[in-house]
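Visitor: This is the structure I want to talk about, given as structure tokens.
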Amino acid sequence: MTATRTLVIEKELPHPPEKIWRALTQGALLKEWLMDNDFQPIVGHKFSFRAAPNPNWSGVIESQVLVVEPNTTLSYSWGAVGLGTVVVWTLVATGGGTLLRMEQSGFGPDQGRNYGGARIGWQRFLTNLEQLLARTQ
Amino acid sequence: MQTSPDLLFKSLADPTRRAIYERLCRNGEQTVWMLTDDTDISQPAVSKHLRILKHSGLVRDRRDGRETHYSAEPKSLAPLIDWMSLYAAFWREKFDRLEDLLKRMDQ
């Protein structure tokens with residue numbers, strides 16, 4: 001189960017990195033294929049992605065830009081329903097285009113309330129969960 | 001009990017509820033008083049969290065006289081285990097849309 005905590009999707013695209021970079025970092029283009037957003041390619045910029053809400057989810061993903069290396073690496077946090085992950089985009093020029101890689105990983109600590117003095121983050125929770133399921137299955 | 005993933009995530013999105021649930025997993029069956037003991041959370045608040053956990057199928061209860069005993073239902077966690085595979089489908093669809101957009105964009 002540990003492997004499922006990092007999600008990797010990789011695809012070679014017949015387009016130069018510069019063009020893909022624009023699709024990843026220009027708000028209007030980003031909206032076309034991902035979600036409505038107020039993204040800016042500035043490290044530290046806090047923004048949100050907005051999808052159509054449903055009765056169980058506000059549709060809002062809270063994010064912050066972590067890494068901006070033009071045409072090479074883009075990273076932002078991705079927080080929804082108390083679950084904090086990090087998304088990293090990597091662009092590698094190949095002969096005919098670009099190898100685009102998306103990696104979503106990590107369950108960061110919550111900024112949540114305490115219970116009995118202990119802060120229960122998702123990471124610890126999932127680690128304990130793995131142990132629990134290993135015992136019950 | 002069949003749990004909807006949305007209900008499950010909503011239920012576990014709260015760190016206090018995760019902590020209560022974890023405590024039930026670790027210590028086995030507990031009463032609301034045992035769960036309130038040595039915390040700064042009121043008994044009505046713990047009861048409310050337990051109701052939500054029970055509603056989402058994560059916790060089951062057992063009446064014994066005037067006391068209700070709560071315990072964890074680990075089988076209900078299955079949707080959480082599927083969480084990453086759901087996200088994989090999400091990103092694959094977005095990759096397809098990105099490819100469509102790239103075809104339409106100027107160099």
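Ordered as shown in the structure tokens, chains take letters A, B, and onward, while each chain numbers its residues from 1 and ligands are numbered from 1 in the order shown.
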List as a PyMOL selection string the protein and nucleic acid residues near segment 42-44 of chain B, meaning an atom at most 12 Å away when only C-alpha atoms are counted, but skip any in the same chain fewer than 5 places from it.
Guide: (chain A and resi 115-116) or (chain B and resi 31-37+49-51)
Visitor: Write out as a Markdown table a residue-level contact list of chain B versus chain A with cut-off 8 Å: for each qualifying residue the closest pair of atoms and the distance in Å to one decimal, counting only C-alpha atoms, rows sorted by chain and residue number upward.
Guide:
```
| residue | atom | partner | partner_atom | distance |
| --- | --- | --- | --- | --- |
| B:Asp6 | CA | A:Asn56 | CA | 5.9 |
| B:Leu7 | CA | A:Asn56 | CA | 7.1 |
| B:Phe9 | CA | A:Val81 | CA | 7.0 |
| B:Lys10 | CA | A:Val81 | CA | 6.8 |
| B:Ala13 | CA | A:Gly82 | CA | 4.9 |
| B:Asp14 | CA | A:Gly82 | CA | 7.0 |
| B:Pro15 | CA | A:Gly112 | CA | 5.8 |
| B:Thr16 | CA | A:Tyr115 | CA | 5.6 |
| B:Arg18 | CA | A:Ile120 | CA | 6.9 |
| B:Ala19 | CA | A:Ile120 | CA | 5.9 |
| B:Ile20 | CA | A:Tyr115 | CA | 7.9 |
| B:Glu22 | CA | A:Phe125 | CA | 7.4 |
| B:Cys25 | CA | A:Leu132 | CA | 7.7 |
| B:Asp38 | CA | A:Gly116 | CA | 6.5 |
| B:Thr39 | CA | A:Gly116 | CA | 4.3 |
| B:Asp40 | CA | A:Gly116 | CA | 6.5 |
| B:Ile41 | CA | A:Tyr115 | CA | 7.4 |
| B:Pro74 | CA | A:Leu133 | CA | 7.2 |
| B:Met84 | CA | A:Thr4 | CA | 6.2 |
| B:Ser85 | CA | A:Thr4 | CA | 7.9 |
| B:Ala88 | CA | A:Leu7 | CA | 6.9 |
| B:Trp91 | CA | A:Ile9 | CA | 7.6 |
| B:Arg92 | CA | A:Ile9 | CA | 7.5 |
| B:Lys94 | CA | A:Leu34 | CA | 5.9 |
| B:Phe95 | CA | A:Trp33 | CA | 7.9 |
| B:Arg97 | CA | A:Trp33 | CA | 5.0 |
| B:Leu98 | CA | A:Trp33 | CA | 5.2 |
| B:Glu99 | CA | A:Leu13 | CA | 7.6 |
| B:Leu101 | CA | A:Trp33 | CA | 6.8 |
| B:Leu102 | CA | A:Ile20 | CA | 7.2 |
| B:Gln107 | CA | A:Lys19 | CA | 6.3 |
```
Visitor: Any chance you could export the current selection's N, CA and C atoms as a compact mmCIF listing (two decimals), in the first residue's frame?
Guide:
```txt
# COMPACT_ATOMS: atom_id res chain seq x y z
N ASP B 6 -17.77 9.77 -0.46
CA ASP B 6 -17.92 11.17 -0.07
C ASP B 6 -18.18 11.31 1.42
N LEU B 7 -19.08 10.46 1.90
CA LEU B 7 -19.44 10.49 3.31
C LEU B 7 -18.22 10.15 4.17
N PHE B 9 -15.00 10.50 3.39
CA PHE B 9 -13.99 11.56 3.38
C PHE B 9 -14.43 12.74 4.23
N LYS B 10 -15.70 13.06 4.12
CA LYS B 10 -16.24 14.16 4.91
C LYS B 10 -16.05 13.84 6.40
N ALA B 13 -12.39 14.08 7.30
CA ALA B 13 -11.71 15.34 7.02
C ALA B 13 -11.41 16.10 8.30
N ASP B 14 -12.11 15.78 9.38
CA ASP B 14 -11.92 16.47 10.64
C ASP B 14 -10.85 15.76 11.48
N PRO B 15 -9.79 16.49 11.88
CA PRO B 15 -8.70 15.84 12.62
C PRO B 15 -9.14 15.26 13.96
N THR B 16 -10.12 15.90 14.61
CA THR B 16 -10.59 15.37 15.89
C THR B 16 -11.26 14.01 15.68
N ARG B 18 -10.66 11.98 13.23
CA ARG B 18 -9.63 10.99 12.90
C ARG B 18 -8.97 10.48 14.17
N ALA B 19 -8.75 11.43 15.11
CA ALA B 19 -8.11 11.05 16.37
C ALA B 19 -8.99 10.12 17.18
N ILE B 20 -10.30 10.41 17.21
CA ILE B 20 -11.22 9.54 17.95
C ILE B 20 -11.25 8.16 17.31
N GLU B 22 -8.95 6.79 15.50
CA GLU B 22 -7.67 6.12 15.72
C GLU B 22 -7.62 5.52 17.13
N CYS B 25 -9.48 2.39 17.16
CA CYS B 25 -8.72 1.32 16.51
C CYS B 25 -7.66 0.77 17.45
N ASP B 38 -9.42 12.61 29.89
CA ASP B 38 -8.09 13.17 29.60
C ASP B 38 -8.00 13.97 28.27
N THR B 39 -9.14 14.49 27.83
CA THR B 39 -9.07 15.41 26.69
C THR B 39 -9.74 16.71 27.10
N ASP B 40 -9.57 17.74 26.29
CA ASP B 40 -10.22 19.01 26.59
C ASP B 40 -11.49 19.18 25.75
N ILE B 41 -12.01 18.06 25.27
CA ILE B 41 -13.23 18.12 24.46
C ILE B 41 -14.41 17.66 25.29
N PRO B 74 -13.14 -1.35 10.72
CA PRO B 74 -12.08 -1.10 9.73
C PRO B 74 -12.44 -1.43 8.29
N MET B 84 -6.31 6.89 -4.09
CA MET B 84 -5.30 7.21 -5.09
C MET B 84 -5.67 6.71 -6.48
N SER B 85 -6.37 5.58 -6.53
CA SER B 85 -6.75 5.10 -7.86
C SER B 85 -7.82 6.02 -8.47
N ALA B 88 -5.95 8.82 -9.91
CA ALA B 88 -5.28 8.42 -11.14
C ALA B 88 -6.22 8.63 -12.32
N TRP B 91 -6.51 12.40 -13.08
CA TRP B 91 -5.38 12.99 -13.82
C TRP B 91 -5.30 12.48 -15.24
N ARG B 92 -5.67 11.24 -15.49
CA ARG B 92 -5.64 10.73 -16.87
C ARG B 92 -6.60 11.51 -17.76
N LYS B 94 -7.51 14.57 -17.24
CA LYS B 94 -6.94 15.91 -17.41
C LYS B 94 -5.81 15.90 -18.44
N PHE B 95 -5.02 14.83 -18.44
CA PHE B 95 -3.95 14.70 -19.44
C PHE B 95 -4.55 14.71 -20.85
N ARG B 97 -7.30 16.08 -21.79
CA ARG B 97 -7.77 17.45 -22.08
C ARG B 97 -6.60 18.37 -22.40
N LEU B 98 -5.48 18.17 -21.70
CA LEU B 98 -4.28 18.96 -21.96
C LEU B 98 -3.80 18.71 -23.39
N GLU B 99 -3.79 17.45 -23.79
CA GLU B 99 -3.37 17.11 -25.16
C GLU B 99 -4.25 17.77 -26.21
N LEU B 101 -5.91 20.53 -25.81
CA LEU B 101 -5.60 21.95 -25.78
C LEU B 101 -4.31 22.23 -26.55
N LEU B 102 -3.28 21.42 -26.35
CA LEU B 102 -1.99 21.63 -27.02
C LEU B 102 -2.15 21.58 -28.54
N GLN B 107 2.17 27.34 -31.72
CA GLN B 107 3.51 27.05 -31.19
C GLN B 107 4.00 28.28 -30.43
```
Visitor: Please return, as a ChimeraX atom specification, all residues of chain B that DSSP assigns to helix (DSSP H, G or I) on the basis of the backbone.
Guide: /B:5-12,15-27,32-36,43-55,74-81,83-104
Visitor: Skip Gly27 of chain A itself and residues of its chain fewer than 5 positions away, then list as a list in words all residues within 8 Å of it, counting only C-alpha atoms.
Guide: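 The residues that qualify are Asp36, Asn37, Asp38, Phe39 and Gln40 of chain A.
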Visitor: Go ahead and dump the residues you just picked, N, CA and C atoms, as a PDB file, in the first residue's frame.
Guide:
```
ATOM      1  N   ASP A  36     -10.851  25.980 -13.180  1.00  0.00           N
ATOM      2  CA  ASP A  36     -10.811  27.424 -12.984  1.00  0.00           C
ATOM      3  C   ASP A  36      -9.828  27.704 -11.853  1.00  0.00           C
ATOM      4  N   ASN A  37      -9.121  28.831 -11.924  1.00  0.00           N
ATOM      5  CA  ASN A  37      -8.024  29.047 -10.964  1.00  0.00           C
ATOM      6  C   ASN A  37      -7.616  30.513 -10.927  1.00  0.00           C
ATOM      7  N   ASP A  38      -6.858  30.872  -9.892  1.00  0.00           N
ATOM      8  CA  ASP A  38      -6.204  32.188  -9.867  1.00  0.00           C
ATOM      9  C   ASP A  38      -4.691  31.974  -9.699  1.00  0.00           C
ATOM     10  N   PHE A  39      -4.205  31.002 -10.414  1.00  0.00           N
ATOM     11  CA  PHE A  39      -2.798  30.628 -10.383  1.00  0.00           C
ATOM     12  C   PHE A  39      -1.916  31.730 -10.949  1.00  0.00           C
ATOM     13  N   GLN A  40      -0.730  31.890 -10.352  1.00  0.00           N
ATOM     14  CA  GLN A  40       0.320  32.729 -10.923  1.00  0.00           C
ATOM     15  C   GLN A  40       1.636  32.003 -10.704  1.00  0.00           C
TER      16      GLN A  40
END
```
Visitor: Do you know which residues are at most 7 Å from segment 65-67 of chain A counting only C-alpha atoms, after dropping those on the same chain fewer than 4 positions away, and could you put them as number ranges by chain?
Guide: A: 42-46, 73-77
Visitor: Hey, which of B:Tyr87, B:Ser71, B:Lys103, B:Asp96 ends up closest to Thr85 of chain A? Count only C-alpha atoms.
Guide: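 Comparing B:Tyr87, B:Ser71, B:Lys103, B:Asp96 against Thr85 of chain A, the winner is B:Tyr87.
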Visitor: Using Å and a single decimal, report how far atom CA of Phe90 of chain B sits from atom CA of Leu77 of chain B.
Guide: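 Taking atom CA of Leu77 of chain B as the start and atom CA of Phe90 of chain B as the end point, the length is 20.5 Å.
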Visitor: In Å, rounded to a single decimal, give me how far atom CA of Lys31 of chain A is from atom CA of Phe47 of chain A.
Guide: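 If I compute the distance from atom CA of Phe47 of chain A to atom CA of Lys31 of chain A, I get 13.1 Å.
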Visitor: Which distance in Å separates atom CA of Ser63 of chain A and atom CA of Trp21 of chain A, to one decimal?
Guide: 18.3 Å
